[in-house]
Structures are given as structure tokens and as C-alpha cells.
>>> print(open('coords02.tsv').read())   # TSV, C-alpha atoms and all ligand atoms
chain	number	residue	atom	x	y	z
A	514	MET	CA	116.32	80.54	120.52
A	515	THR	CA	116.36	80.90	116.73
A	516	ILE	CA	118.96	83.62	116.40
A	517	SER	CA	122.62	82.75	116.97
A	518	GLU	CA	124.63	84.36	119.77
A	519	ARG	CA	126.98	85.75	117.11
A	520	VAL	CA	124.20	87.70	115.44
A	521	LYS	CA	122.52	88.70	118.69
A	522	ASN	CA	125.81	90.21	119.74
A	523	ILE	CA	126.01	92.72	116.88
A	524	ASN	CA	124.09	95.99	116.53
A	525	PRO	CA	122.42	97.20	113.33
A	526	SER	CA	124.13	100.09	111.51
A	527	GLN	CA	122.86	103.31	113.09
A	528	THR	CA	123.81	105.42	110.09
A	529	LEU	CA	121.72	103.23	107.80
A	530	ALA	CA	118.89	103.38	110.39
A	531	ILE	CA	118.85	107.20	110.36
A	532	THR	CA	118.86	107.24	106.55
A	533	ALA	CA	115.93	104.79	106.52
A	534	GLN	CA	113.98	106.88	109.04
A	535	ALA	CA	114.57	110.07	107.05
A	536	LEU	CA	113.47	108.29	103.87
A	537	LYS	CA	110.27	107.13	105.55
A	538	MET	CA	109.48	110.69	106.66
A	539	LYS	CA	110.11	111.87	103.08
A	540	MET	CA	107.72	109.25	101.77
A	541	ASP	CA	105.13	110.52	104.24
A	542	GLY	CA	105.39	113.90	102.48
A	543	LYS	CA	107.80	115.63	104.92
A	544	LYS	CA	110.50	117.91	103.47
A	545	VAL	CA	113.39	116.22	105.25
A	546	ILE	CA	116.92	117.42	104.65
A	547	SER	CA	119.45	114.68	105.07
A	548	PHE	CA	122.86	115.35	106.58
A	549	GLY	CA	123.12	111.65	107.29
A	550	ALA	CA	124.62	110.60	103.98
A	551	GLY	CA	127.93	108.80	103.80
A	552	GLU	CA	128.15	109.22	100.06
A	553	PRO	CA	128.86	111.92	97.47
A	554	ASP	CA	125.71	113.51	96.05
A	555	PHE	CA	127.31	113.70	92.58
A	556	ASP	CA	126.55	111.35	89.72
A	557	THR	CA	129.11	108.75	88.69
A	558	PRO	CA	131.24	110.34	85.91
A	559	GLU	CA	129.99	109.60	82.41
A	560	ASN	CA	133.11	107.80	81.15
A	561	ILE	CA	132.70	105.27	83.97
A	562	GLY	CA	129.03	104.69	83.20
A	563	ASP	CA	129.90	104.26	79.52
A	564	ALA	CA	132.44	101.56	80.36
A	565	ALA	CA	129.71	99.67	82.21
A	566	ILE	CA	127.29	99.98	79.29
A	567	LEU	CA	129.96	98.66	76.97
A	568	ALA	CA	130.58	95.72	79.30
A	569	ILE	CA	126.89	94.79	79.15
A	570	LYS	CA	126.78	95.20	75.38
A	571	LYS	CA	129.80	92.95	75.03
A	572	GLY	CA	128.19	90.33	77.24
A	573	PHE	CA	130.62	90.73	80.13
A	574	THR	CA	127.87	89.57	82.44
A	575	HIS	CA	129.07	86.23	83.78
A	576	TYR	CA	130.94	85.06	86.86
A	577	THR	CA	134.52	86.30	86.99
A	578	THR	CA	137.50	85.07	88.98
A	579	ASN	CA	136.41	85.07	92.61
A	580	SER	CA	139.00	87.65	93.69
A	581	GLY	CA	138.42	90.02	90.74
A	582	ILE	CA	139.48	90.31	87.09
A	583	ILE	CA	143.17	90.62	86.32
A	584	GLU	CA	142.59	93.83	84.33
A	585	LEU	CA	141.17	95.53	87.42
A	586	LYS	CA	143.90	94.14	89.69
A	587	LYS	CA	146.47	95.62	87.29
A	588	ALA	CA	144.70	99.00	87.37
A	589	ILE	CA	144.69	98.85	91.18
A	590	ALA	CA	148.40	97.93	91.29
A	591	GLU	CA	149.19	100.89	89.03
A	592	LYS	CA	147.08	103.24	91.12
A	593	LEU	CA	148.77	102.12	94.34
A	594	LYS	CA	152.18	102.63	92.76
A	595	LYS	CA	151.36	106.04	91.27
A	596	ASP	CA	149.30	107.60	94.07
A	597	ASN	CA	150.57	105.80	97.15
A	598	ASN	CA	154.10	104.73	96.29
A	599	ILE	CA	153.40	101.08	97.19
A	600	GLU	CA	154.28	98.17	94.95
A	601	TYR	CA	151.91	95.24	95.04
A	602	LYS	CA	151.80	92.24	92.71
A	603	THR	CA	148.37	91.33	91.33
A	604	SER	CA	148.50	88.19	93.51
A	605	GLU	CA	148.59	90.54	96.51
A	606	ILE	CA	145.38	92.31	95.52
A	607	MET	CA	141.75	91.31	95.70
A	608	VAL	CA	138.50	92.98	94.74
A	609	SER	CA	135.31	92.73	96.79
A	610	THR	CA	131.76	94.02	96.95
A	611	GLY	CA	132.75	97.35	98.51
A	612	ALA	CA	135.52	98.22	100.93
A	613	LYS	CA	133.10	97.05	103.60
A	614	GLN	CA	133.42	93.47	102.40
A	615	CYS	CA	137.21	93.84	102.16
A	616	LEU	CA	137.25	94.85	105.82
A	617	PHE	CA	134.99	91.98	106.78
A	618	ASN	CA	137.15	89.46	104.90
A	619	THR	CA	140.34	90.86	106.43
A	620	ILE	CA	139.15	90.85	110.03
A	621	LEU	CA	137.80	87.29	109.71
A	622	THR	CA	141.05	86.15	108.07
A	623	ILE	CA	143.36	87.62	110.70
A	624	CYS	CA	141.47	87.35	113.99
A	625	ASN	CA	140.88	84.35	116.21
A	626	PRO	CA	138.20	84.46	118.93
A	627	GLY	CA	139.53	86.49	121.86
A	628	ASP	CA	142.16	88.40	119.88
A	629	GLU	CA	142.26	92.10	120.67
A	630	VAL	CA	141.81	94.67	117.91
A	631	LEU	CA	142.91	98.24	118.60
A	632	LEU	CA	140.44	100.80	117.33
A	633	PRO	CA	140.94	104.55	117.61
A	634	ILE	CA	137.63	106.26	118.38
A	635	PRO	CA	135.52	108.07	117.20
A	636	CYS	CA	135.36	105.41	114.48
A	637	TRP	CA	133.21	104.31	111.58
A	638	VAL	CA	130.21	102.29	112.74
A	639	SER	CA	130.97	98.96	111.10
A	640	TYR	CA	134.45	98.28	112.54
A	641	THR	CA	133.22	97.47	116.03
A	642	GLU	CA	130.48	95.15	114.82
A	643	GLN	CA	132.75	93.36	112.33
A	644	ILE	CA	135.30	92.77	115.08
A	645	LYS	CA	132.60	91.37	117.36
A	646	PHE	CA	131.28	89.21	114.53
A	647	ALA	CA	134.75	87.63	114.30
A	648	GLN	CA	134.48	87.01	118.07
A	649	ALA	CA	137.48	89.25	118.60
A	650	VAL	CA	137.54	92.05	121.16
A	651	PRO	CA	137.53	95.76	120.22
A	652	VAL	CA	139.93	97.80	122.39
A	653	PHE	CA	139.19	101.49	122.00
A	654	ILE	CA	141.85	104.20	121.86
A	655	PRO	CA	140.19	107.58	122.45
A	656	THR	CA	141.28	110.52	120.33
A	657	TYR	CA	140.33	114.02	121.43
A	658	TYR	CA	138.74	117.19	120.07
A	659	HIS	CA	141.49	119.34	121.59
A	660	GLU	CA	144.07	117.27	119.66
A	661	ALA	CA	142.06	117.50	116.40
A	662	PHE	CA	141.18	113.79	116.89
A	663	LYS	CA	144.69	112.78	115.84
A	664	LEU	CA	146.19	109.53	116.99
A	665	ASN	CA	149.65	109.30	118.50
A	666	ALA	CA	151.92	106.30	118.82
A	667	LYS	CA	152.24	106.62	122.60
A	668	GLN	CA	148.50	106.09	123.05
A	669	VAL	CA	148.69	103.04	120.78
A	670	GLU	CA	151.60	101.47	122.65
A	671	GLU	CA	149.82	101.90	125.99
A	672	LYS	CA	146.95	99.68	124.78
A	673	ILE	CA	149.06	96.84	123.39
A	674	THR	CA	148.84	93.52	125.27
A	675	PRO	CA	150.04	90.00	124.40
A	676	ARG	CA	146.56	89.44	122.88
A	677	THR	CA	146.75	92.37	120.45
A	678	LYS	CA	146.56	91.07	116.89
A	679	LEU	CA	145.40	93.96	114.77
A	680	ILE	CA	144.94	97.73	114.67
A	681	ILE	CA	142.53	99.52	112.34
A	682	LEU	CA	143.55	102.96	111.12
A	683	ASN	CA	141.23	105.16	109.13
A	684	SER	CA	142.78	108.37	107.85
A	685	PRO	CA	141.16	110.59	106.58
A	686	ASN	CA	138.72	109.60	109.24
A	687	ASN	CA	135.01	108.99	109.27
A	688	PRO	CA	133.42	110.66	111.29
A	689	THR	CA	135.96	113.29	112.44
A	690	GLY	CA	137.70	114.11	109.14
A	691	ALA	CA	141.06	113.88	110.96
A	692	VAL	CA	144.17	113.16	108.90
A	693	TYR	CA	146.92	111.47	110.92
A	694	ASP	CA	150.42	112.99	111.04
A	695	SER	CA	153.10	111.25	109.01
A	696	GLU	CA	155.53	111.30	111.94
A	697	GLU	CA	153.05	109.45	114.17
A	698	LEU	CA	152.27	106.93	111.42
A	699	LYS	CA	156.00	106.20	111.10
A	700	LYS	CA	156.19	105.54	114.84
A	701	ILE	CA	153.08	103.33	114.73
A	702	ALA	CA	154.68	101.39	111.87
A	703	GLN	CA	157.62	100.66	114.18
A	704	LEU	CA	155.21	99.37	116.83
A	705	LEU	CA	153.74	96.90	114.32
A	706	LEU	CA	157.17	95.36	113.91
A	707	LYS	CA	158.14	95.56	117.58
A	708	TYR	CA	154.99	93.79	118.79
A	709	ASN	CA	154.14	91.72	115.69
A	710	ILE	CA	150.76	93.35	115.07
A	711	TYR	CA	148.83	93.58	111.79
A	712	CYS	CA	147.32	96.82	110.61
A	713	ILE	CA	144.38	97.64	108.38
A	714	CYS	CA	144.80	101.03	106.68
A	715	ASP	CA	141.37	102.08	105.48
A	716	GLU	CA	142.19	104.81	102.96
A	717	ILE	CA	138.76	105.19	101.39
A	718	TYR	CA	138.69	109.00	101.85
A	719	GLU	CA	142.27	109.45	100.62
A	720	LYS	CA	141.34	111.78	97.73
A	721	LEU	CA	139.14	114.04	99.84
A	722	ILE	CA	141.63	116.17	101.73
A	723	TYR	CA	141.82	119.93	102.12
A	724	ASP	CA	144.17	122.79	102.95
A	725	GLU	CA	147.64	121.63	103.90
A	726	ALA	CA	146.68	118.07	104.86
A	727	LYS	CA	148.76	115.27	103.33
A	728	HIS	CA	147.86	111.62	103.12
A	729	LEU	CA	150.52	108.99	103.82
A	730	SER	CA	149.99	105.32	103.06
A	731	MET	CA	151.69	103.42	105.85
A	732	ALA	CA	152.48	100.49	103.55
A	733	SER	CA	154.84	102.78	101.61
A	734	LEU	CA	157.20	102.90	104.60
A	735	GLY	CA	159.22	99.83	103.59
A	736	ASP	CA	158.83	96.14	102.74
A	737	GLU	CA	159.05	94.82	106.27
A	738	VAL	CA	156.22	96.97	107.53
A	739	LYS	CA	154.23	96.52	104.32
A	740	ASN	CA	154.02	92.83	105.17
A	741	LYS	CA	152.07	93.71	108.30
A	742	ILE	CA	149.62	96.01	106.51
A	743	ILE	CA	146.45	95.45	104.56
A	744	THR	CA	145.68	98.57	102.54
A	745	ILE	CA	141.99	98.99	101.87
A	746	ASN	CA	140.39	101.39	99.44
A	747	GLY	CA	137.60	101.52	96.89
A	748	VAL	CA	135.85	103.55	94.25
A	749	SER	CA	132.78	104.53	96.31
A	750	LYS	CA	133.84	107.90	97.68
A	751	SER	CA	136.46	109.13	95.18
A	752	TYR	CA	134.40	108.42	92.06
A	753	ALA	CA	130.85	108.78	93.43
A	754	MET	CA	130.30	105.04	92.90
A	755	THR	CA	128.75	103.92	96.20
A	756	GLY	CA	126.02	101.87	94.51
A	757	TRP	CA	128.42	99.98	92.26
A	758	ARG	CA	129.93	98.19	95.26
A	759	ILE	CA	133.60	97.84	94.40
A	760	GLY	CA	136.35	97.92	97.00
A	761	TYR	CA	139.83	96.45	97.04
A	762	ALA	CA	142.42	95.17	99.47
A	763	ALA	CA	146.18	94.78	99.08
A	764	GLY	CA	148.38	92.79	101.42
A	765	SER	CA	150.60	89.73	101.71
A	766	GLU	CA	149.72	86.76	99.49
A	767	GLU	CA	149.01	84.66	102.54
A	768	ILE	CA	146.34	87.05	103.84
A	769	ILE	CA	144.84	87.73	100.41
A	770	LYS	CA	144.51	83.96	99.87
A	771	GLY	CA	142.65	83.61	103.16
A	772	MET	CA	140.34	86.47	102.24
A	773	SER	CA	139.64	84.93	98.82
A	774	LYS	CA	138.66	81.69	100.50
A	775	ILE	CA	136.00	83.49	102.56
A	776	GLN	CA	134.73	85.41	99.56
A	777	GLY	CA	134.66	82.24	97.46
A	778	HIS	CA	132.13	80.75	99.85
A	779	SER	CA	130.07	83.85	100.48
A	780	THR	CA	129.53	86.29	97.60
A	781	SER	CA	132.02	84.98	94.98
A	782	ASN	CA	133.20	87.63	92.54
A	783	PRO	CA	132.11	91.25	92.82
A	784	ASN	CA	129.75	92.41	90.07
A	785	SER	CA	131.37	91.87	86.65
A	786	ILE	CA	130.00	95.09	85.10
A	787	ALA	CA	131.04	97.21	88.07
A	788	GLN	CA	134.54	95.74	87.81
A	789	LYS	CA	134.82	96.95	84.20
A	790	ALA	CA	133.52	100.36	85.27
A	791	SER	CA	136.17	100.46	88.01
A	792	VAL	CA	138.95	99.77	85.51
A	793	GLU	CA	137.84	102.97	83.76
A	794	ALA	CA	137.50	104.83	87.08
A	795	LEU	CA	141.07	104.04	88.15
A	796	GLY	CA	142.71	104.15	84.73
A	797	GLY	CA	140.67	106.82	82.91
A	798	LYS	CA	140.60	110.60	83.30
A	799	GLN	CA	140.70	111.78	86.89
A	800	ASP	CA	139.47	115.39	86.58
A	801	THR	CA	136.08	114.82	88.24
A	802	ILE	CA	137.75	114.02	91.57
A	803	GLU	CA	139.20	117.52	91.78
A	804	LYS	CA	135.89	119.14	90.79
A	805	MET	CA	134.10	117.18	93.50
A	806	ARG	CA	136.81	117.92	96.08
A	807	LYS	CA	136.65	121.66	95.39
A	808	GLU	CA	132.88	121.68	95.79
A	809	PHE	CA	133.14	119.73	99.07
A	810	ASP	CA	135.74	122.21	100.26
A	811	LYS	CA	133.37	125.17	99.72
A	812	ARG	CA	130.57	123.41	101.57
A	813	ARG	CA	132.91	122.37	104.37
A	814	GLN	CA	133.97	125.93	105.06
A	815	TYR	CA	130.42	127.24	104.95
A	816	MET	CA	129.04	124.48	107.15
A	817	VAL	CA	131.72	124.66	109.83
A	818	THR	CA	131.46	128.46	110.04
A	819	ARG	CA	127.69	128.22	110.48
A	820	LEU	CA	127.90	125.40	113.05
A	821	ASN	CA	130.27	127.47	115.18
A	822	GLU	CA	127.71	130.29	115.17
A	823	ILE	CA	125.11	128.06	116.81
A	824	GLU	CA	125.22	128.59	120.57
A	825	GLY	CA	126.50	125.49	122.36
A	826	MET	CA	128.19	123.93	119.33
A	827	SER	CA	131.88	123.97	118.55
A	828	CYS	CA	133.31	122.40	115.46
A	829	LEU	CA	136.84	121.92	114.14
A	830	MET	CA	137.60	122.51	110.47
A	831	PRO	CA	138.02	118.89	109.34
A	832	PRO	CA	140.99	118.38	106.98
A	833	GLY	CA	139.49	115.32	105.26
A	834	ALA	CA	136.39	113.32	104.18
A	835	PHE	CA	132.98	115.08	103.97
A	836	TYR	CA	131.72	115.26	107.54
A	837	ALA	CA	131.59	117.96	110.21
A	838	PHE	CA	131.73	116.57	113.74
A	839	PRO	CA	130.59	119.29	116.17
A	840	ASP	CA	130.87	118.97	119.93
A	841	VAL	CA	127.33	119.46	121.31
A	842	LYS	CA	127.96	118.78	125.00
A	843	GLU	CA	126.89	122.29	126.00
A	844	ILE	CA	123.52	121.77	124.30
A	845	LEU	CA	123.09	118.42	126.07
A	846	GLU	CA	123.84	120.11	129.40
A	847	ARG	CA	120.75	122.28	128.85
A	848	GLU	CA	118.65	119.08	129.14
A	849	ILE	CA	116.04	120.33	126.68
A	850	ASP	CA	112.57	119.13	127.57
A	851	TYR	CA	111.02	117.18	124.68
A	852	ASN	CA	107.64	115.50	125.09
A	853	GLY	CA	108.18	115.28	128.84
A	854	ASN	CA	111.68	113.74	128.52
A	855	LYS	CA	114.99	115.50	128.96
A	856	ILE	CA	117.44	115.30	126.06
A	857	LYS	CA	120.66	114.11	127.62
A	858	ASN	CA	122.52	112.35	124.83
A	859	SER	CA	123.41	112.60	121.14
A	860	PHE	CA	120.80	110.01	120.20
A	861	GLY	CA	118.04	112.07	121.85
A	862	LEU	CA	119.34	115.26	120.25
A	863	SER	CA	119.45	113.84	116.73
A	864	ASN	CA	115.95	112.40	117.19
A	865	TYR	CA	114.74	115.86	118.31
A	866	ILE	CA	116.40	117.51	115.30
A	867	LEU	CA	114.91	114.94	112.92
A	868	LYS	CA	111.38	115.15	114.32
A	869	GLU	CA	111.19	118.90	114.95
A	870	ALA	CA	113.45	120.43	112.29
A	871	GLU	CA	113.12	117.57	109.80
A	872	VAL	CA	116.88	117.40	109.40
A	873	ALA	CA	118.68	114.05	109.63
A	874	VAL	CA	122.04	113.99	111.44
A	875	VAL	CA	123.85	111.03	112.99
A	876	PRO	CA	124.40	110.82	116.78
A	877	GLY	CA	128.04	110.66	117.90
A	878	ILE	CA	127.29	107.57	119.96
A	879	ALA	CA	127.05	105.59	116.69
A	880	PHE	CA	130.79	106.28	116.35
A	881	GLU	CA	131.61	105.49	120.00
A	882	ALA	CA	131.72	109.23	120.76
A	883	GLU	CA	128.98	110.62	122.99
A	884	GLY	CA	128.51	114.40	122.96
A	885	TYR	CA	128.93	114.88	119.19
A	886	LEU	CA	126.87	114.83	116.01
A	887	ARG	CA	128.05	113.82	112.56
A	888	ILE	CA	126.76	116.20	109.93
A	889	SER	CA	127.54	115.30	106.34
A	890	TYR	CA	128.14	118.05	103.80
A	891	ALA	CA	127.75	115.63	100.90
A	892	THR	CA	124.59	117.44	99.83
A	893	SER	CA	123.83	120.61	97.87
A	894	MET	CA	124.73	124.06	99.18
A	895	GLU	CA	121.03	124.91	99.06
A	896	ASN	CA	120.22	121.97	101.35
A	897	ILE	CA	123.10	122.86	103.64
A	898	LYS	CA	121.84	126.43	104.06
A	899	GLU	CA	118.24	125.39	104.63
A	900	GLY	CA	119.18	122.52	107.00
A	901	LEU	CA	121.46	124.70	109.11
A	902	ASP	CA	118.82	127.46	109.27
A	903	ARG	CA	116.37	124.92	110.64
A	904	ILE	CA	118.78	123.50	113.22
A	905	GLU	CA	119.78	127.00	114.34
A	906	LYS	CA	116.13	128.06	114.75
A	907	LEU	CA	115.24	124.91	116.68
A	908	LEU	CA	118.13	125.18	119.12
A	909	LYS	CA	117.84	128.90	119.77
B	1	LIG	C1	135.65	104.61	106.78
B	1	LIG	C2	134.88	103.80	105.79
B	1	LIG	N1	135.40	102.65	105.38
B	1	LIG	C3	134.74	101.87	104.48
B	1	LIG	C4	133.51	102.24	103.99
B	1	LIG	C5	132.81	101.32	103.03
B	1	LIG	O1	132.79	101.76	101.72
B	1	LIG	P1	132.25	100.87	100.53
B	1	LIG	O2	131.80	99.57	101.08
B	1	LIG	O3	131.14	101.65	99.93
B	1	LIG	O4	133.40	100.71	99.59
B	1	LIG	C6	132.93	103.44	104.40
B	1	LIG	C7	131.59	103.83	103.93
B	1	LIG	O5	130.90	104.65	104.49
B	1	LIG	C8	133.64	104.25	105.33
B	1	LIG	O6	133.13	105.42	105.75
>>> encode(input="coords02.tsv", output="C-alpha cells")
Amino acid sequence: MTISERVKNINPSQTLAITAQALKMKMDGKKVISFGAGEPDFDTPENIGDAAILAIKKGFTHYTTNSGIIELKKAIAEKLKKDNNIEYKTSEIMVSTGAKQCLFNTILTICNPGDEVLLPIPCWVSYTEQIKFAQAVPVFIPTYYHEAFKLNAKQVEEKITPRTKLIILNSPNNPTGAVYDSEELKKIAQLLLKYNIYCICDEIYEKLIYDEAKHLSMASLGDEVKNKIITINGVSKSYAMTGWRIGYAAGSEEIIKGMSKIQGHSTSNPNSIAQKASVEALGGKQDTIEKMRKEFDKRRQYMVTRLNEIEGMSCLMPPGAFYAFPDVKEILEREIDYNGNKIKNSFGLSNYILKEAEVAVVPGIAFEAEGYLRISYATSMENIKEGLDRIEKLLK
């Protein structure tokens, strides 16, 4: 067999697959509306683009330090201090090609084969596969619709075994939009110390929160617990910079050194020009974040109201990120007949919606949550209206 067991064991990203399928239909002349996107539909702010152009003009186009330029690490340290109340030295920070690579580096640095990694579900698609790639074992902790998909410390403690090495927390959450309660995060922090467990806090949607929701960085809860935490963030979602591929991680020197070693032998430094642009993103004017957040908020309210009007769907008002995550179990119970087959799961339903309404949504199963769809509102209000009209008509 040519392909290694390690690679055979992992699944391709289903969100990227849906996006690719929708793109293919578009290229075939179909008017597909995509609710599959995991990225803001806004342009990168001009001041950030200008910083990149300047970097090119000045010839800042060579290899940089493997773990990122010191200027960017300083901007990250300042950001973490100002926004998150965490103090990190630049030696405790590294920059990678997207938060995705930070996560990959972290999991490979911390986990040995057979170690258990606690993962609240529904969860972002790549965590499970990255854990498996490291030959560690994902241990799921279900969170529930009727509890607004929030995690509590009791559930976490119940899943801890002597093999537990790591827990991955993602708040605000993709796909549910849940924002975890500060009180629960404080209790989970205590569990990290009690059982000697590491924790990844993926805070990539931190700036996209609505209503009364408040984001707490767990690493701000004291030095002892900070030592157990790797805080991960990036510029993709907050600054509409998904294509630039810059993410960052902050944690103990020991872990950051391990991560740098991996990066040094895989991709080396993240893109030099994008690093300069990120210095401007983090250190320059911040007003575009609020403009974007306000626009997302309008779309969120419209989309969730409309989804709840569709018979068989029920959807919570998500306090964070840019996804609605409706429960569609009632629709699945109807077992709609499609080309002689009955639609019984979220994968079948999203395929039906894509083929018949030409609207791309992501099946809940991609996030370890059958019976749901993830519908992104990171697209124009016009598209949202048209896409929801089509879904409503199809499912009537
Ligand atoms: C929860 C979460 N973490 C990390 C990432 C990766 O972001 P990037 O690699 O673009 O920085 C994403 C992207 O969709 C995400 O949703």
C-alpha cells in the first residue's frame, strides 16, 4: 500500500469539500448561494494592504526567523496584554501560517501516541483529524442545544482519565457560536491544575461577539494556570485576512520551542509580507472590526428569525462567531424522498439543499453533531434573503 496508515486514518475537510462543490456548480453556470463560508466576506482593511505593499517595495521578501519576526511578536504581546489581560514574553509567542498550523504544531508538540484529548462537541472540523494525525485519541464531550451548547466543568471532569493530556476549548465556538461562561472556565482552569492537563484556548472568534456575551481568556486567570494553557488566535476572522495565513500561539517557552522545531522542518517562517501586514492589523486602527461586527449582528438576527420560521427547524440566537446552527431533526424525521432515497441525515439534507435549491450549507455531522446544519451568515444580506427564500420553498 502506498498511502501511510496515518494519512489513511484522517478524513478530508468536509467544509472545504462543500465549498469546492459549490464552486464547481458556479463554474457550470449555476447561481449557487454559499452559506458554507468560514470567512468574512469583507475586504482586508486598506491600511493593512498598504503595509503589505510597503513591505514588498522595501524588499521585505526573504526568509524571516522561523517563529516569526520580533516586531510582530511584540505587537501580539501588546494585543494579548491590552485585550486579554495576559502577559507573555516574545519568547513565549510564535507565528505560523494560520491558526490552523498553530493548532497542528501544538497538538504534535504535546501529545504522544495514545494520549487522550478532550474535545467538546459540536467542534470545528480540523481538531479531530489533527488529534488523530498525532496518533492521540479524541474523547468527545457533548454539549447540548437546550444548554445553549455551553460546556460545564462537571462534564469535563467526568471524562478525565489517567491518559488525559490535553483539552481543546473553542469559545466563541465554531459551529455553534456558543460563548462559555466565565464561572465554568474558572472551574475548568482548576481542573487543569488538579489533573495536570494542558489546554488549548482557540480564541479566533474573540472579537465577534454579540449582545451581553463576554469573552474570557483562560490564561488570564493566574500564572500557574497560564503555564498549562496555549492561547491561539490569528488575524483571519477579526481582520478579514483569511488568505494571508497568519496565526499565532502563546504558551510556555518549553512548548513554544517544541512547536518552533516542528515548524522549522515543515514550513519555516510564515509569509514575510503577511507578517508585516499583521503588525499593522494588530497595532493600527481597529475601527473596521466594529463595523464588521455590527453588520454580522444585523445578519445574525435576520437569519435566525427566518430559520425559526421554517417548519421543522429551530435555531438558537448564537452569541458569537458568524454561524447559525439550526436543529433540523424534525425535517430528517420526515424522511424526504429524493431520487428514490430517503433523506435521513444532515449530509443527505445538505446535499438535497445544494442540488435542488442551489444553496451550500454544511452538514452537522462534519462537526460531530448529527441533526444540525451550519449556515454561515458571512455573506451579503441580499444573498442571505435569497438563500433562505430558496431553502424555505424547497422544504415546504
Ligand atoms: C475554530 C477555528 N479555529 C481555527 C481556524 C483556523 O483559522 P486560520 O488558519 O485561518 O487562522 C478556524 C478557521 O475556520 C476556526 O474556525
>>> closest_residue(input="coords02.tsv", among="A:Ala568, A:Val638, A:Ala891, A:Leu704", to="ligand LIG 1 (chain B)", atoms="only C-alpha atoms and all ligand atoms")
A:Val638
>>> closest_residue(input="coords02.tsv", among="A:Glu600, A:Glu895, A:Glu696, A:Glu605", to="A:Met816", atoms="all atoms listed in the file")
A:Glu895
>>> closest_atom_pairs(input="coords02.tsv", of="chain A", to="ligand LIG 1 (chain B)", cutoff="8 Å", atoms="only C-alpha atoms and all ligand atoms", output="tab-separated table")
residue	atom	partner	partner_atom	distance
A:Gly551	CA	B:LIG1	O5	5.1
A:Glu552	CA	B:LIG1	O5	6.9
A:Thr610	CA	B:LIG1	O2	6.9
A:Gly611	CA	B:LIG1	O2	3.5
A:Ala612	CA	B:LIG1	O4	3.5
A:Lys613	CA	B:LIG1	O2	3.8
A:Gln614	CA	B:LIG1	O2	6.4
A:Cys615	CA	B:LIG1	O2	8.0
A:Leu616	CA	B:LIG1	C3	7.6
A:Cys636	CA	B:LIG1	C1	7.7
A:Trp637	CA	B:LIG1	C1	5.4
A:Asn683	CA	B:LIG1	C1	6.1
A:Asn686	CA	B:LIG1	C1	6.4
A:Asn687	CA	B:LIG1	C1	5.1
A:Pro688	CA	B:LIG1	O6	7.6
A:Asp715	CA	B:LIG1	N1	6.0
A:Glu716	CA	B:LIG1	N1	7.5
A:Ile717	CA	B:LIG1	N1	5.8
A:Tyr718	CA	B:LIG1	C1	7.3
A:Asn746	CA	B:LIG1	O4	7.0
A:Gly747	CA	B:LIG1	O4	5.1
A:Val748	CA	B:LIG1	O4	6.5
A:Ser749	CA	B:LIG1	O3	4.9
A:Lys750	CA	B:LIG1	O3	7.2
A:Met754	CA	B:LIG1	O3	7.8
A:Thr755	CA	B:LIG1	O3	5.0
A:Gly756	CA	B:LIG1	O3	7.5
A:Arg758	CA	B:LIG1	O3	5.9
A:Ile759	CA	B:LIG1	O4	5.9
A:Gly760	CA	B:LIG1	O4	4.8
>>> residues_around(input="coords02.tsv", residues="A:Tyr601", least_positions_apart="3", cutoff="8 Å", atoms="only C-alpha atoms", output="ChimeraX atom specification")
/A:590,593-594,604-606,763-764
>>> closest_residue(input="coords02.tsv", among="A:Thr619, A:Thr515, A:Thr532, A:Gln668", to="A:Met772", atoms="only C-alpha atoms")
A:Thr619
>>> closest_residue(input="coords02.tsv", among="A:Ile561, A:Ile722, A:Val669, A:Thr744", to="A:Ile599", atoms="only C-alpha atoms")
A:Thr744
>>> closest_residue(input="coords02.tsv", among="A:Glu881, A:Leu845, A:Lys720, A:Ile823", to="A:Asp800", atoms="only C-alpha atoms")
A:Lys720
>>> decode(input="coords02.tsv", residues="stretch 738-750 of chain A", atoms="N, CA and C atoms", output="mmCIF file, in the first residue's frame")
data_model
loop_
_atom_site.group_PDB
_atom_site.id
_atom_site.type_symbol
_atom_site.label_atom_id
_atom_site.label_comp_id
_atom_site.auth_asym_id
_atom_site.auth_seq_id
_atom_site.Cartn_x
_atom_site.Cartn_y
_atom_site.Cartn_z
ATOM 1 N N VAL A 738 -1.967 28.642 36.166
ATOM 2 C CA VAL A 738 -2.834 28.053 35.146
ATOM 3 C C VAL A 738 -2.364 28.463 33.740
ATOM 4 N N LYS A 739 -1.819 29.654 33.637
ATOM 5 C CA LYS A 739 -1.309 30.125 32.337
ATOM 6 C C LYS A 739 -0.262 29.158 31.781
ATOM 7 N N ASN A 740 0.502 28.586 32.667
ATOM 8 C CA ASN A 740 1.547 27.635 32.284
ATOM 9 C C ASN A 740 1.004 26.374 31.615
ATOM 10 N N LYS A 741 -0.269 26.114 31.853
ATOM 11 C CA LYS A 741 -0.908 24.909 31.291
ATOM 12 C C LYS A 741 -1.642 25.219 29.984
ATOM 13 N N ILE A 742 -1.664 26.520 29.633
ATOM 14 C CA ILE A 742 -2.520 26.939 28.506
ATOM 15 C C ILE A 742 -1.708 27.408 27.313
ATOM 16 N N ILE A 743 -2.184 27.045 26.141
ATOM 17 C CA ILE A 743 -1.633 27.601 24.908
ATOM 18 C C ILE A 743 -2.775 28.406 24.293
ATOM 19 N N THR A 744 -2.588 29.721 24.247
ATOM 20 C CA THR A 744 -3.620 30.593 23.686
ATOM 21 C C THR A 744 -3.369 30.723 22.189
ATOM 22 N N ILE A 745 -4.410 30.434 21.416
ATOM 23 C CA ILE A 745 -4.248 30.501 19.960
ATOM 24 C C ILE A 745 -5.231 31.503 19.369
ATOM 25 N N ASN A 746 -4.714 32.296 18.448
ATOM 26 C CA ASN A 746 -5.541 33.318 17.818
ATOM 27 C C ASN A 746 -4.928 33.620 16.454
ATOM 28 N N GLY A 747 -5.488 34.579 15.745
ATOM 29 C CA GLY A 747 -4.949 34.904 14.428
ATOM 30 C C GLY A 747 -5.660 36.104 13.861
ATOM 31 N N VAL A 748 -5.252 36.493 12.671
ATOM 32 C CA VAL A 748 -5.840 37.691 12.073
ATOM 33 C C VAL A 748 -6.954 37.362 11.073
ATOM 34 N N SER A 749 -7.139 36.076 10.776
ATOM 35 C CA SER A 749 -8.078 35.676 9.712
ATOM 36 C C SER A 749 -9.475 36.250 9.880
ATOM 37 N N LYS A 750 -10.087 36.003 11.051
ATOM 38 C CA LYS A 750 -11.507 36.321 11.197
ATOM 39 C C LYS A 750 -11.715 37.778 11.619
#
